[in-house]
Structure formats: structure tokens, C-alpha cells
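The structure appears below as C-alpha cells.
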Number of protein chains: 2
Amino acid sequence: MTEMNFLELLKAEKENTEKYLKFYLDSLHIPGVLHDAMEYSLSAGGKRLRPFLAVVVCEMLGKPRELIMPYACALEFVHTFSLIHDDLPALDNDDLRRGKPSCHKAFREDIAILAGDALNTDAFSLLFEFGEGNLKRAGKYFSKAVGGRGMTLGQIYDCTIPENERTAEKLDFINYYKTSELFIAATAGAAAWLDADEKEVNALEEFATELGIAFQISDDILDITSTTEKLGKPVGSDAELNKMTYPALMGLDGARNAVVKRTEKAKAALMSAFKESEWMEILLQFADYVRDMAK
Amino acid sequence: MTEMNFLELLKAEKENTEKYLKFYLDSLHIPGVLHDAMEYSLSAGGKRLRPFLAVVVCEMLGKPRELIMPYACALEFVHTFSLIHDDLPALDNDDLRRGKPSCHKAFREDIAILAGDALNTDAFSLLFEFGEGNLKRAGKYFSKAVGGRGMTLGQIYDCTIPENERTAEKLDFINYYKTSELFIAATAGAAAWLDADEKEVNALEEFATELGIAFQISDDILDITSTTEKLGKPVGSDAELNKMTYPALMGLDGARNAVVKRTEKAKAALMSAFKESEWMEILLQFADYVRDMAK
């Protein structure tokens with residue numbers, strides 16, 4: 001166990017998470033095309049990063065893993081809901097998601113809207129029906145991260161703040177809502193679910209805040225420096241869309257420095273509240289991964 | 001208090017509910033256009049029937065009314081979310097809702113989708129942040145009524161079962177999901193939130209099941225027998241759309257008989273579990289109201 005590696009573990013856990021995702025979805029006994037559309041998007045792949053973070057926090061806190069699985073899968077339900085709605089014609093109008101037809105292309109627009117709605121609501125069904133965690137304390141993190149004070153607000157900003165009116169400060173808060181909040185739910189919220197100390201929960205919140213924003217800065221950098229082959233989508237698409245990005249605002253070096261600063265801050269927050277352990281090491285490696293992905 | 005009348009009370013409570021709706025929405029501190037779109041649809045009127053049912057159940061159980069208000073308003077949040085998404089171009093494509101531009105017309109389609117999403121999620125925020133009720137027990141009713149085993153499933157059926165393939169049985173289950181389930185959340189779920197006995201919760205579930213379906217049958221009848229002026233929308237629109245309705249399937253008298261049977265069953269269920277009281281009388285009057293609305 002001392003040789004655990006973030007990327008290997010992430011890959012190894014993916015299969016287990018997907019087994020649980022299928023189990024919980026099937027346990028809800030949703031019939032017909034609604035089930036099929038939900039399953040289509042839930043099983044379309046992805047790294048399953050948010051459930052992974054919740055599992056790592058659970059192990060780090062020494063709690064039984066079964067306790068976190070409904071909560072971990074609820075995170076992936078809402079992440080999937082957000083992808084389905086983001087792809088809709090009225091939003092990003094993306095016909096493809098991870099190389100497959102997006103939900104509204106594979107099914108129909110009305111079905112995709114409703115499948116997203118059901119994944120949004122039934123994430124909470126998982127918490128209420130299969131969860132044995134601290135519902136009230138974690139529920140606050142979870143619903144805040146998803147609704148009008150979280151992910152959905154980030155998406156509104158993305159739709160309504162003109163690309164050329166974005167400053168570094170505006171980009172930070174857009175990305176805080178779009179990405180950090182669900183990272184917070186996946187770490188601090190997971191810890192709250194598992195009755196962790198307030199100090200631990202707060203440290204994880206700071207960790208996730210910094211990493212969420214750093215993650216997006218790295219993503220912007222990759223859009224410039226990577227190859228289409230590595231990225232799995234055309235490089236330079238941000239510039240082509242006249243998108244305001246971190247590198248455009250602060251230069252490549254400035255953006256890279258911001259990533260380093262934020263990932264260091266994330267690690268410091270974690271180390272301030274947790275003793276060294278092999279599972280804590282995984283979270284530190286995640287920070288390093290975010291730092292290095294845009295090197 | 002012995003002279004309480006369902007319709008008068010419903011009207012009197014509407015203002016109070018709307019005050020709370022505004023209070024809870026503002027308490028979430030959602031900024032900008034997302035707040036505005038949510039508020040626009042939340043304040044667009046309606047009878048506030050679902051919060052009303054929850055309030056009546058609360059009074060009938062002799063519990064302090066403050067205890068039910070977050071739950072009652074959460075019901076109206078999700079009801080409003082469903083109306084916003086139902087009106088979207090990909091679904092019913094309605095430009096008007098209660099005589100005002102629907103959300104996607106007053107704002108924009110992307111904003112309407114996201115405002116609906118936020119109302120869906122933040123209904124749960126109300127439960128987690130302002131609620132002191134039995135979260136786990138009531139949350140099951142609430143999330144079941146809204147997601148892929150409730151309202152959203154009913155909407156899927158509405159979008160996917162061809163109008164001319166509907167039988168009375170199919171209409172019943174479409175209406176069970178579309179209407180009864182949220183009535184169940186508003187009565188049985190409210191009772192669960194307030195720690196009522198299992199027997200009382202189950203009786204309210206049967207009451208709401210029957211009334212939800214009866215309500216829809218009456219609505220179908222009204223579309224034939226009412227005037228455009230009374231109805232506030234063109235009469236005969238169902239026939240024009242070649243919609244399969246209860247009167248089309250079983251004749252006007254058959255449909256009226258079905259309403260009477262179901263409302264009687266609803267009242268019997270209620271009386272089997274609750275002693276007579278002025279608040280219970282209001283629920284019985286609601287059943288009579290549903291029975292008589294299509295007379």
C-alpha cells in the first residue's frame with residue numbers, strides 16, 4: 001500500500017465505481033427510455049474523479065467504504081446531469097460527448113432534458129434511500145454545490161458573461177462555481193457525511209477550492225500547448241472561439257505560476273489538518289497531478 | 001374556525017406561502033439573472049395548492065406551522081421547476097404560462113433550463129438548510145415524487161406514449177406519476193417530515209393517490225364542458241390535439257363516475273386514520289372540490 005499511485009488507483013477504482021453506479025440506478029427501478037437515457041450517459045465513461053475523491057477521503061478518515069458509496073455515486077449522478085444539460089442545443093450545442101453522440105442526439109432533446117432532471121433529483125434519492133451518513137450536514141454541501149449557488153450558477157455565468165469581458169478575477173469565480181464547488185462536495189462534503197471534525201472538513205474545503213480553479217487553469221493551458229491527439233479534441237479551440245482564458249490574460253508563464261501557487265496552497269491546507277498517511281498522500285499526488293498536467 | 005372553507009382558506013394561505021417563498025429564495029443569496037429567472041417563475045402565481053396541502057396536514061397533526069414551511073416551499077420550488085421545463089420548446093413549447101411569457105420567453109432558453117435545474121436542486125437546499133423535520137423519512141417521499149420514479153417519469157410518458165395509444169389504464173399511471181406523486185409528497189411526505197405515525201402517513205398516501213388521478217380526470221372533463229372564459233384557456237384543445245382523454249375513453253358519464261369513486265375512496269382512506277377535526281374537514285372539502293369541479 002505504500003506504493004500507491006494516484007493515476008493507477010484512479011484507474012483501478014473506476015471499475016468499482018461503475019459497478020455501484022449501475023447497481024444504484026437499477027435499484028431505483030426506473031422504467032423504459034428514461035432509465036435507458038440515464039444509463040447511457042452514466043455509463044459513457046469519464047475518469048469518475050469526483051467519486052474517487054470521496055472514496056479517498058473515506059479511506060483517509062478510516063471509515064468503511066460502503067458508507068461512502070451512495071454519496072460518491074450521487075456526485076457522479078449530478079456531474080452526469082450537468083454534462084447532459086451543458087450539451088443541449090440551447091447551451092453548448094455539442095453533438096458529441098467523449099466520442100459518442102451526446103444524450104439529446106442518441107435519444108431526443110426532450111428525453112435528454114428529463115434524463116438530466118431525473119439524475120439531478122435522484123442523486124438525492126441515493127442519499128435518502130441508501131445512505132447512512134450525516135444527511136443534514138453533508139446535504140448542505142451537496143445541494144449548495146449543485147444548485148443556484150454552485151455548478152448551475154457557474155453555468156449561468158458561462159452563458160451570460162461575454163467572453164471578452166472576462167478578467168482573471170471573473171474567470172476565478174466562474175471556475176470556482178463550475179468546478180471547485182463539486183470538488184468541495186466530493187471532499188469536504190464527503191467528510192461531513194462521515195462525521196469528520198470541523199477542522200478536517202474546512203481544510204478539505206480549502207484544498208478543493210484551490211484545486212478546482214488550478215484544474216481549470218491547467219485545462220486552459222493544455223488547450224494551447226497540447227496536441228489534438230493527446231487532448232482528444234482540437235487544440236486552439238479556445239482562441240478560435242475568442243474565449244478569454246488564463247494564458248490570454250496572464251501569459252503562459254503567469255498561468256503556470258498561478259497553477260503552482262494554488263496547488264501548493266491546496267497541499268498546505270491538507271497538511272494542516274491531517275497526519276501523513278498513504279491515503280492523504282494520494283490527495284497530495286492529485287494536487288501534483290493538476291500542477292503537472294499543464295507543464 | 002368551525003366555519004373554515006377549503007377555497008377561502010386556500011386563497012388566504014396563498015399570500016403567506018408567497019411571503020415564505022420569497023424569503024427562502026432570498027436567503028439562498030443567488031445572484032443576478034439566475035435569481036431573477038427563478039423569482040420570475042416562482043412569483044408567477046398559481047394556487048399554491050401543494051404547499052397548502054402540507055400546511056393543512058401540519059395543522060391536522062397539531063404541529064407548529066413553522067416546522068412545515070421549508071418543506072411546503074420546497075414543494076412549490078419543484079412544481080415551478082417542472083412548469084419551466086415543461087414549457088420549453090423541446091417539450092410543450094408553450095410561450096405563455098398563466099398569461100405571462102413563460103420563463104424561456106421572458107429570459108432565454110438556456111437560462112430557463114438552468115433556472116429549472118436550480119429550483120430542482122435548491123428545493124433540497126431548503127430541506128437541508130432550513131428544515132428541522134425528519135429529513136431521511138420525508139426525503140424519500142420528496143425525491144421519489146420528483147425524479148425518475150415520479151413527476152419526471154410522468155413527463156417522459158407524456159412525451160413518448162402516442163396520444164392515440166393511451167388506454168384508461170395508461171392514463172391512470174401517467175397521471176399517477178404526473179400529479180399524484182407530488183400530492184403524496186405534499187401530504188404523506190409532509191406527515192413523515194413531522195414524524196407522524198406510519199398509519200397516518202399511509203392513509204395520506206392513499207388519499208393523495210386517488211385525488212391526483214381524480215384531479216386529472218376532472219381536468220379532462222372541464223376541457224370539454226367549460227367555457228374558454230372560465231377555463232382561462234381555449235376549451236376543446238384536447239380534442240383538437242387528438243389527445244386521448246378520460247371522457248374520450250369512457251364517455252362523460254363514465255369519467256364523472258370515476259371521479260366520484262376516486263374521491264370517495266380518498267375520503268374513506270383519510271377517515272380510516274384520522275379523527276374528525278376542522279383541519280381534516282378541509283382535506284375532505286378538497287376531495288369534494290375535486291369531485292365538483294367537473295360537475
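Chain labels A, B, ... are given in the sequence in which chains occur in the C-alpha cells; within each chain residues are numbered consecutively from 1, and ligands are likewise numbered from 1 in the order shown.
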
Subject >> Neighbours of chain A in chain B at 6 Å, counting only C-alpha atoms, as JSON, numbers by chain >> reply: {"B": [30, 90, 91, 110, 118, 121, 122, 125, 128, 136, 139, 140, 143, 147, 148, 149]}

**OP:** For Tyr289 (chain A), work out the shell of residues within 12 Å, counting only C-alpha atoms and skipping chain neighbours fewer than 2 positions away, then give it as a ChimeraX atom specification.
**Re:** /A:5-7,10,211,214-215,218,259-260,263-264,267,282-287,291-295

**OP:** Please identify which residues in region 98-275 of chain B DSSP calls helix (DSSP H, G or I) from the backbone, and express them as a ChimeraX atom specification.
**Re:** /B:103-106,109-130,135-146,151-160,163-165,168-193,198-225,228-231,237-240,246-273

Original post:
So which residues touch Phe130 (chain B) within 10 Å, counting only C-alpha atoms, skipping near sequence neighbours fewer than 6 positions away, as a VMD selection string?
Top reply: chain B and resid 24 27 67 69 to 71 124

Original post:
What's the 9 Å shell around Tyr246 (chain B), counting only C-alpha atoms, without same-chain residues fewer than 2 positions away, as a count of residues only?
Top reply: 16

Original post:
Excluding same-chain residues fewer than 6 positions from Ala273 (chain B), what lies within 10 Å of it counting only C-alpha atoms, as a list in words?
Top reply: Asp197, Glu198, Lys199, Glu200, Val201, Asn202, Ala203 and Leu204 of chain B

Shell around Ser180 (chain A) at 8 Å using only C-alpha atoms, local window under 2 positions removed, as a PDB file with N, CA and C atoms, in the first residue's frame:
```
ATOM      1  N   ASN A 175     -14.915  29.577 -12.432  1.00  0.00           N
ATOM      2  CA  ASN A 175     -14.358  28.234 -12.255  1.00  0.00           C
ATOM      3  C   ASN A 175     -14.566  27.699 -10.839  1.00  0.00           C
ATOM      4  N   TYR A 176     -14.611  28.632  -9.883  1.00  0.00           N
ATOM      5  CA  TYR A 176     -14.958  28.201  -8.519  1.00  0.00           C
ATOM      6  C   TYR A 176     -16.332  27.532  -8.539  1.00  0.00           C
ATOM      7  N   TYR A 177     -17.308  28.204  -9.162  1.00  0.00           N
ATOM      8  CA  TYR A 177     -18.655  27.634  -9.180  1.00  0.00           C
ATOM      9  C   TYR A 177     -18.734  26.405 -10.081  1.00  0.00           C
ATOM     10  N   LYS A 178     -18.081  26.474 -11.237  1.00  0.00           N
ATOM     11  CA  LYS A 178     -18.188  25.367 -12.193  1.00  0.00           C
ATOM     12  C   LYS A 178     -17.476  24.106 -11.724  1.00  0.00           C
ATOM     13  N   LEU A 182     -18.102  21.374  -6.779  1.00  0.00           N
ATOM     14  CA  LEU A 182     -18.368  19.929  -6.754  1.00  0.00           C
ATOM     15  C   LEU A 182     -17.158  19.160  -6.184  1.00  0.00           C
ATOM     16  N   PHE A 183     -15.957  19.713  -6.382  1.00  0.00           N
ATOM     17  CA  PHE A 183     -14.779  19.136  -5.700  1.00  0.00           C
ATOM     18  C   PHE A 183     -14.938  19.274  -4.179  1.00  0.00           C
ATOM     19  N   ILE A 184     -15.479  20.411  -3.752  1.00  0.00           N
ATOM     20  CA  ILE A 184     -15.712  20.616  -2.312  1.00  0.00           C
ATOM     21  C   ILE A 184     -16.719  19.581  -1.804  1.00  0.00           C
ATOM     22  N   ALA A 208     -10.000  21.779  -1.948  1.00  0.00           N
ATOM     23  CA  ALA A 208     -10.803  21.599  -3.158  1.00  0.00           C
ATOM     24  C   ALA A 208     -11.028  22.912  -3.900  1.00  0.00           C
ATOM     25  N   THR A 209     -11.151  23.992  -3.154  1.00  0.00           N
ATOM     26  CA  THR A 209     -11.324  25.307  -3.778  1.00  0.00           C
ATOM     27  C   THR A 209     -10.136  25.611  -4.681  1.00  0.00           C
ATOM     28  N   GLU A 210      -8.931  25.468  -4.128  1.00  0.00           N
ATOM     29  CA  GLU A 210      -7.723  25.787  -4.884  1.00  0.00           C
ATOM     30  C   GLU A 210      -7.544  24.838  -6.066  1.00  0.00           C
ATOM     31  N   LEU A 211      -7.786  23.553  -5.818  1.00  0.00           N
ATOM     32  CA  LEU A 211      -7.561  22.570  -6.888  1.00  0.00           C
ATOM     33  C   LEU A 211      -8.549  22.725  -8.036  1.00  0.00           C
ATOM     34  N   GLY A 212      -9.782  23.080  -7.714  1.00  0.00           N
ATOM     35  CA  GLY A 212     -10.784  23.262  -8.768  1.00  0.00           C
ATOM     36  C   GLY A 212     -10.370  24.355  -9.734  1.00  0.00           C
ATOM     37  N   ILE A 213      -9.915  25.472  -9.171  1.00  0.00           N
ATOM     38  CA  ILE A 213      -9.500  26.587 -10.034  1.00  0.00           C
ATOM     39  C   ILE A 213      -8.210  26.234 -10.780  1.00  0.00           C
TER      40      ILE A 213
END
```

Subject >> Selection: 7 Å around Arg48 (chain B), only C-alpha atoms, excl. self and same-chain fewer than 3 positions, as a PyMOL selection string >> reply: chain B and resi 14+51-52+76

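Of the residues listed (A:Pro101, A:Gly133, A:Gly45, A:Gly154), A:Gly133 shows the shortest atom-to-atom separation from Ala191 (chain A); distances use only C-alpha atoms.
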
**OP:** Kindly indicate which residue among A:Lys105, A:Met60, A:Arg256, A:Ser226 lies nearest to Glu276 (chain A), using only C-alpha atoms for the distances.
**Re:**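 With only C-alpha atoms as the atom set, the closest residue is A:Met60.
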
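Between CA of Trp279 (chain A) and CA of Ala44 (chain A) the interatomic distance comes to 27.8 Å.
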
Subject >> Counting only C-alpha atoms, the option among A:Val290, A:Cys103, A:Leu53, A:Ile174 closest to Asp36 (chain A) >> reply: A:Cys103

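Coordinates place CA of Asn257 (chain A) at a distance of 19.5 Å from CA of Arg166 (chain A).
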